[in-house]
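Trainee: The structure's right below; bear with me while I get my questions together.
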There are 2 protein chains.
Amino acid sequence: MAEELSLRERKKIQTRRALWRAATKLFLERGYDQVSVAEVALAAEVSKMTVFNYMSSKEDLVLGPMKEHIGDAARAVRDRSPGESAVAAFRRDFMAALNAHDASVGMSDDPYVLQMRRMIQETPALLVRAHEYVRRAQMLLAEELAASAEGPDAELAPVVAAQLMSVRYVVHEHNHRRLFAGESAEEVLPGAVALAERAFALVEHGLGDFGTLPAGTDTAQAAEAGAE
Amino acid sequence: MAEELSLRERKKIQTRRALWRAATKLFLERGYDQVSVAEVALAAEVSKMTVFNYMSSKEDLVLGPMKEHIGDAARAVRDRSPGESAVAAFRRDFMAALNAHDASVGMSDDPYVLQMRRMIQETPALLVRAHEYVRRAQMLLAEELAASAEGPDAELAPVVAAQLMSVRYVVHEHNHRRLFAGESAEEVLPGAVALAERAFALVEHGLGDFGTLPAGTDTAQAAEAGAE
DNA sequence: CCGAGAACGTGTACCGAGTCAATTCTTCTA
DNA sequence: TAGAAGAATTGACTCGGTACACGTTCTCGG
């Protein structure tokens, strides 16, 4: 059986863990940009080359776990039950994640997770890479939606995917703000749910004439500037 | 005032142009990844450092022009006339660009532009950076929308921005495909307009139950596609 | 049970992108 | 015209990431 992995395999897992531990420790202590991969390698007692053998880039030392979840949204839609719309499936999956305090929707109030999140937000390179992952998740979702709705609607799948993922994004950001402010996940949940409901309603029901300026004002931008 | 620029200023412009010419020439000849910035510098007869003095990164040698248009969508919304909704303003601006065969919506059939576009599509680093610009454009639009719709709606501005920008994206992609296939901009235009109309309709009227799997009920407006 | 070859992880040397302190040159002023 | 101020430019450097070669561990035939 493959119950007992060979010594080689175990060492591999051990190395990966040591690497990740050393990296996160150093990054949190001194900031991502202030730590070189050579230092991470040194701390993990391997060579720099080995780091890149395990991780495809320096960013992956932080964002590796996130990579695993790129296909989640698409999967939730693909695995929906007959009769359920893609939108409903996405919504149900998202709401479940919210209620489960899942970190993938920014609902975890674990201090360690929060600390990592803050570092990501404050490091441009990590932020760009994280957004890249979101974009790929959105692309996968779009493909899944296109497969569901063949015909002329398939062309519009990317639009629907963007709408759905943006709901995720808005609620995610909202949660960050509240959690960083010191609230607990339990406290944040109701507001998050309410916001999600409103966002989904907007998406399902349409924008209508969102953001109509009041007629009769000939200097609209001046009015806006004045509000600042 | 500064009608006649000084020798220094003119030299600066000249250098920038030489840099851009050398870069695009080499990139198109041999591919983006196969040309180092040192080679670009050599061809433009400056030092490598000078390249980074003019361009903030290697990608900017290609995507620099695109950077100037990041705020366009937000501006179109900000400058709308009173009584016009933000959505309508965005739509009007976009349709105008389409009809004007603007390169910013992928409607230019200039061979040189097409060649550059192909290179961007085929080079991961450039693609990532280009998407980063789109994301920033979307963020600016979201901020503008949030300023317009104060109150609880402001929180949903990012969702609306995502919806609008995704329309742009879909039509953009559509145009690419057709133009790469050899069609002229004139030939592509009608289809692009039609697609844009449908996409905007989807955004304004809502998704409904887009992508409902067949389970006997076909009451959905989107299920009429006769798909599956 | 063992030894040769394959496969895999590791270390060294290197490349290209981007940054910093110092130098050169333009321009404005006295 | 001399000289100060400041911008443009540069060579030297750091760091992320890769190609190649070596040593170590698994596998299979005798």
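To be explicit about the labels: the chains of the structure tokens are called A, B, and onward in the order shown, and within each one the residues are counted from 1, while ligands get numbers from 1 in the order they are shown.
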Please report as a Markdown table every residue of chain C lying within 12 Å of chain B, along with the nearest atom pair and their distance in Å (one decimal), using only C-alpha atoms (C1' of nucleotides).
Mentor:
```
| residue | atom | partner | partner_atom | distance |
| --- | --- | --- | --- | --- |
| C:DC15 | C1' | B:Ser36 | CA | 10.3 |
| C:DG16 | C1' | B:Ser36 | CA | 7.0 |
| C:DA17 | C1' | B:Lys58 | CA | 8.1 |
| C:DG18 | C1' | B:Phe52 | CA | 7.8 |
| C:DT19 | C1' | B:Met49 | CA | 9.3 |
| C:DC20 | C1' | B:Met49 | CA | 11.0 |
| C:DC25 | C1' | B:Arg8 | CA | 10.3 |
| C:DT26 | C1' | B:Arg8 | CA | 7.1 |
| C:DT27 | C1' | B:Arg8 | CA | 9.0 |
```
Trainee: Using only C-alpha atoms (C1' of nucleotides), tabulate the residues of chain D lying at most 12 Å from any atom of chain A, each with its closest atom pair and that distance in Å to one decimal, by chain and increasing residue number, as a tab-separated table.
Mentor:
```
residue	atom	partner	partner_atom	distance
D:DT14	C1'	A:Ser36	CA	10.0
D:DC15	C1'	A:Ser36	CA	7.2
D:DG16	C1'	A:Lys58	CA	7.9
D:DG17	C1'	A:Phe52	CA	8.0
D:DT18	C1'	A:Met49	CA	9.3
D:DA19	C1'	A:Met49	CA	11.5
D:DT24	C1'	A:Arg8	CA	10.7
D:DT25	C1'	A:Arg8	CA	7.8
D:DC26	C1'	A:Arg8	CA	9.2
```
Trainee: By how many Å are atom CA of Met116 of chain A and atom CA of His176 of chain A apart?
Mentor: 11.9 Å
Trainee: Excluding same-chain residues fewer than 3 positions from DT10 of chain C, what lies within 9 Å of it counting only C-alpha atoms (C1' of nucleotides), as number ranges by chain?
Mentor: A: 46-47, 49-50; D: 22-23
Trainee: Please save N, CA, C and O atoms (P, O5', C5', C4', C3', O3' and C1' of nucleotides) of the selected residues as an mmCIF file, in the first residue's frame.
Mentor:
```cif
data_model
loop_
_atom_site.group_PDB
_atom_site.id
_atom_site.type_symbol
_atom_site.label_atom_id
_atom_site.label_comp_id
_atom_site.auth_asym_id
_atom_site.auth_seq_id
_atom_site.Cartn_x
_atom_site.Cartn_y
_atom_site.Cartn_z
ATOM 1 N N VAL A 46 18.536 24.949 3.727
ATOM 2 C CA VAL A 46 18.663 24.386 2.380
ATOM 3 C C VAL A 46 19.328 25.438 1.497
ATOM 4 O O VAL A 46 19.605 26.539 1.955
ATOM 5 N N SER A 47 19.566 25.109 0.265
ATOM 6 C CA SER A 47 20.153 26.092 -0.640
ATOM 7 C C SER A 47 19.041 26.893 -1.317
ATOM 8 O O SER A 47 17.891 26.471 -1.365
ATOM 9 N N MET A 49 18.506 27.327 -4.337
ATOM 10 C CA MET A 49 17.952 26.539 -5.434
ATOM 11 C C MET A 49 16.797 25.662 -4.978
ATOM 12 O O MET A 49 15.782 25.524 -5.656
ATOM 13 N N THR A 50 16.960 25.101 -3.816
ATOM 14 C CA THR A 50 15.932 24.204 -3.292
ATOM 15 C C THR A 50 14.613 24.939 -3.055
ATOM 16 O O THR A 50 13.537 24.386 -3.257
ATOM 17 P P DC D 22 30.328 17.086 -13.099
ATOM 18 O "O5'" DC D 22 29.908 16.723 -11.613
ATOM 19 C "C5'" DC D 22 30.110 17.690 -10.581
ATOM 20 C "C4'" DC D 22 29.304 17.281 -9.362
ATOM 21 C "C3'" DC D 22 29.519 15.821 -8.938
ATOM 22 O "O3'" DC D 22 29.979 15.788 -7.603
ATOM 23 C "C1'" DC D 22 27.195 16.374 -9.033
ATOM 24 P P DG D 23 30.575 14.369 -6.999
ATOM 25 O "O5'" DG D 23 29.451 13.960 -5.946
ATOM 26 C "C5'" DG D 23 29.042 14.912 -4.961
ATOM 27 C "C4'" DG D 23 27.741 14.470 -4.324
ATOM 28 C "C3'" DG D 23 27.760 13.038 -3.760
ATOM 29 O "O3'" DG D 23 27.186 13.057 -2.466
ATOM 30 C "C1'" DG D 23 25.953 13.293 -5.278
#
```
Trainee: Have a look at B:Glu29, B:Leu145, B:Tyr54, B:Leu140 and name the one nearest to Arg17 of chain B; count only C-alpha atoms.
Mentor: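 Counting only C-alpha atoms, the residue closest to Arg17 of chain B is B:Tyr54.
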Trainee: Compile the contact shell of segment 73-81 of chain A as a list of chain:residue names: residues with an atom at most 10 Å away, counting only C-alpha atoms (C1' of nucleotides), same-chain residues fewer than 6 positions apart removed.
Mentor: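 These residues fall inside the cut-off: A:Val87, A:Ala88, A:Ala89, A:Phe90, A:Arg91, A:Arg92, A:Asp93, A:Phe94, A:Ala137, A:Gln138, A:Met139, A:Leu140, A:Leu141, A:Ala142, A:Glu143, A:Glu144, A:Leu145, A:Ala147, A:Ser148, A:Ala161, A:Leu164, A:Met165, B:Gly211, B:Thr212, B:Leu213, B:Pro214, B:Ala215.
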Trainee: Keeping only N, CA and C atoms, write the selected residues as a PDB file, in the first residue's frame.
Mentor:
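Generated file (out.pdb):
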```pdb
ATOM      1  N   VAL A  87     -26.180  31.240 -10.920  1.00  0.00           N
ATOM      2  CA  VAL A  87     -26.095  32.329  -9.955  1.00  0.00           C
ATOM      3  C   VAL A  87     -26.474  31.838  -8.556  1.00  0.00           C
ATOM      4  N   ALA A  88     -27.552  31.078  -8.488  1.00  0.00           N
ATOM      5  CA  ALA A  88     -28.005  30.572  -7.187  1.00  0.00           C
ATOM      6  C   ALA A  88     -26.956  29.662  -6.562  1.00  0.00           C
ATOM      7  N   ALA A  89     -26.333  28.847  -7.402  1.00  0.00           N
ATOM      8  CA  ALA A  89     -25.316  27.924  -6.895  1.00  0.00           C
ATOM      9  C   ALA A  89     -24.130  28.693  -6.328  1.00  0.00           C
ATOM     10  N   PHE A  90     -23.695  29.676  -7.089  1.00  0.00           N
ATOM     11  CA  PHE A  90     -22.576  30.510  -6.639  1.00  0.00           C
ATOM     12  C   PHE A  90     -22.927  31.182  -5.320  1.00  0.00           C
ATOM     13  N   ARG A  91     -24.125  31.693  -5.264  1.00  0.00           N
ATOM     14  CA  ARG A  91     -24.586  32.399  -4.084  1.00  0.00           C
ATOM     15  C   ARG A  91     -24.641  31.487  -2.859  1.00  0.00           C
ATOM     16  N   ARG A  92     -25.177  30.318  -3.060  1.00  0.00           N
ATOM     17  CA  ARG A  92     -25.299  29.373  -1.958  1.00  0.00           C
ATOM     18  C   ARG A  92     -23.924  29.003  -1.422  1.00  0.00           C
ATOM     19  N   ASP A  93     -23.011  28.705  -2.353  1.00  0.00           N
ATOM     20  CA  ASP A  93     -21.652  28.330  -1.969  1.00  0.00           C
ATOM     21  C   ASP A  93     -20.981  29.459  -1.193  1.00  0.00           C
ATOM     22  N   PHE A  94     -21.159  30.671  -1.691  1.00  0.00           N
ATOM     23  CA  PHE A  94     -20.531  31.820  -1.047  1.00  0.00           C
ATOM     24  C   PHE A  94     -21.095  32.059   0.348  1.00  0.00           C
ATOM     25  N   ALA A 137      -9.273  32.718 -11.290  1.00  0.00           N
ATOM     26  CA  ALA A 137     -10.492  32.092 -10.765  1.00  0.00           C
ATOM     27  C   ALA A 137     -11.700  32.572 -11.556  1.00  0.00           C
ATOM     28  N   GLN A 138     -11.702  33.852 -11.859  1.00  0.00           N
ATOM     29  CA  GLN A 138     -12.811  34.430 -12.613  1.00  0.00           C
ATOM     30  C   GLN A 138     -12.878  33.838 -14.016  1.00  0.00           C
ATOM     31  N   MET A 139     -11.716  33.626 -14.607  1.00  0.00           N
ATOM     32  CA  MET A 139     -11.671  33.037 -15.952  1.00  0.00           C
ATOM     33  C   MET A 139     -12.226  31.622 -15.952  1.00  0.00           C
ATOM     34  N   LEU A 140     -11.837  30.861 -14.943  1.00  0.00           N
ATOM     35  CA  LEU A 140     -12.336  29.483 -14.847  1.00  0.00           C
ATOM     36  C   LEU A 140     -13.852  29.488 -14.670  1.00  0.00           C
ATOM     37  N   LEU A 141     -14.329  30.396 -13.840  1.00  0.00           N
ATOM     38  CA  LEU A 141     -15.774  30.502 -13.630  1.00  0.00           C
ATOM     39  C   LEU A 141     -16.476  30.854 -14.941  1.00  0.00           C
ATOM     40  N   ALA A 142     -15.877  31.787 -15.671  1.00  0.00           N
ATOM     41  CA  ALA A 142     -16.472  32.189 -16.954  1.00  0.00           C
ATOM     42  C   ALA A 142     -16.566  30.996 -17.904  1.00  0.00           C
ATOM     43  N   GLU A 143     -15.527  30.192 -17.930  1.00  0.00           N
ATOM     44  CA  GLU A 143     -15.543  29.018 -18.810  1.00  0.00           C
ATOM     45  C   GLU A 143     -16.644  28.057 -18.405  1.00  0.00           C
ATOM     46  N   GLU A 144     -16.776  27.893 -17.104  1.00  0.00           N
ATOM     47  CA  GLU A 144     -17.821  26.987 -16.613  1.00  0.00           C
ATOM     48  C   GLU A 144     -19.208  27.525 -16.984  1.00  0.00           C
ATOM     49  N   LEU A 145     -19.388  28.825 -16.818  1.00  0.00           N
ATOM     50  CA  LEU A 145     -20.669  29.436 -17.153  1.00  0.00           C
ATOM     51  C   LEU A 145     -20.947  29.323 -18.647  1.00  0.00           C
ATOM     52  N   ALA A 147     -19.982  27.016 -20.599  1.00  0.00           N
ATOM     53  CA  ALA A 147     -20.350  25.626 -20.883  1.00  0.00           C
ATOM     54  C   ALA A 147     -21.805  25.369 -20.503  1.00  0.00           C
ATOM     55  N   SER A 148     -22.246  26.001 -19.432  1.00  0.00           N
ATOM     56  CA  SER A 148     -23.627  25.819 -18.985  1.00  0.00           C
ATOM     57  C   SER A 148     -24.610  26.439 -19.966  1.00  0.00           C
ATOM     58  N   ALA A 161     -19.470  36.216 -14.879  1.00  0.00           N
ATOM     59  CA  ALA A 161     -18.399  35.829 -13.960  1.00  0.00           C
ATOM     60  C   ALA A 161     -17.865  37.055 -13.224  1.00  0.00           C
ATOM     61  N   LEU A 164     -20.340  38.144 -10.518  1.00  0.00           N
ATOM     62  CA  LEU A 164     -20.353  37.269  -9.349  1.00  0.00           C
ATOM     63  C   LEU A 164     -19.085  37.432  -8.513  1.00  0.00           C
ATOM     64  N   MET A 165     -17.938  37.438  -9.192  1.00  0.00           N
ATOM     65  CA  MET A 165     -16.688  37.542  -8.446  1.00  0.00           C
ATOM     66  C   MET A 165     -16.574  38.897  -7.757  1.00  0.00           C
TER      67      MET A 165
ATOM     68  N   GLY B 211     -28.039  30.609 -16.626  1.00  0.00           N
ATOM     69  CA  GLY B 211     -27.375  29.316 -16.503  1.00  0.00           C
ATOM     70  C   GLY B 211     -28.119  28.320 -15.648  1.00  0.00           C
ATOM     71  N   THR B 212     -29.428  28.244 -15.819  1.00  0.00           N
ATOM     72  CA  THR B 212     -30.201  27.245 -15.078  1.00  0.00           C
ATOM     73  C   THR B 212     -30.117  25.898 -15.779  1.00  0.00           C
ATOM     74  N   LEU B 213     -29.776  24.878 -15.012  1.00  0.00           N
ATOM     75  CA  LEU B 213     -29.710  23.541 -15.605  1.00  0.00           C
ATOM     76  C   LEU B 213     -31.130  23.046 -15.857  1.00  0.00           C
ATOM     77  N   PRO B 214     -31.352  22.290 -16.935  1.00  0.00           N
ATOM     78  CA  PRO B 214     -32.694  21.808 -17.265  1.00  0.00           C
ATOM     79  C   PRO B 214     -33.193  20.823 -16.217  1.00  0.00           C
ATOM     80  N   ALA B 215     -34.353  21.147 -15.646  1.00  0.00           N
ATOM     81  CA  ALA B 215     -34.959  20.219 -14.691  1.00  0.00           C
ATOM     82  C   ALA B 215     -36.464  20.192 -14.895  1.00  0.00           C
TER      83      ALA B 215
END
```
Trainee: Could you tell me, as JSON, numbers by chain, which residues of segment 31-107 of chain A DSSP assigns to helix (DSSP H, G or I) when given the backbone?
Mentor: {"A": [32, 33, 34, 37, 38, 39, 40, 41, 42, 43, 44, 48, 49, 50, 51, 52, 53, 54, 60, 61, 62, 63, 64, 65, 66, 67, 72, 73, 74, 75, 76, 77, 78, 86, 87, 88, 89, 90, 91, 92, 93, 94, 95, 96, 97, 98, 99, 103, 104, 105]}
Trainee: Which is closer to chain A than all the others in B:Glu197, B:Glu183, B:Glu45, B:Glu155, using only C-alpha atoms?
Mentor: B:Glu155
Trainee: Could you please determine the separation between atom CA of Gly191 of chain A and atom CA of Glu132 of chain B in Å, to one decimal place?
Mentor: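 One can read the atom CA of Gly191 of chain A to atom CA of Glu132 of chain B distance as 29.9 Å.
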Trainee: Would you pick out the contacts of Asp33 of chain B at 12 Å or less, using only C-alpha atoms (C1' of nucleotides), so that residues sharing its chain but fewer than 2 positions from it are not included, and give the list as a ChimeraX atom specification?
Mentor: /B:23,26-31,35-37,39,58-59,119-120,122-126 /C:16-17
Trainee: Nearest to chain B among A:Asp109, A:Asp60, A:Glu68, A:Glu173, with distances taken over only C-alpha atoms: which residue is it?
Mentor: A:Glu173
Trainee: Taking only C-alpha atoms into account, name the residue in A:Leu127, A:Ala185, A:Ile13, A:Leu156 that is nearest to chain B.
Mentor: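 The answer is A:Leu156, which sits nearest to chain B.
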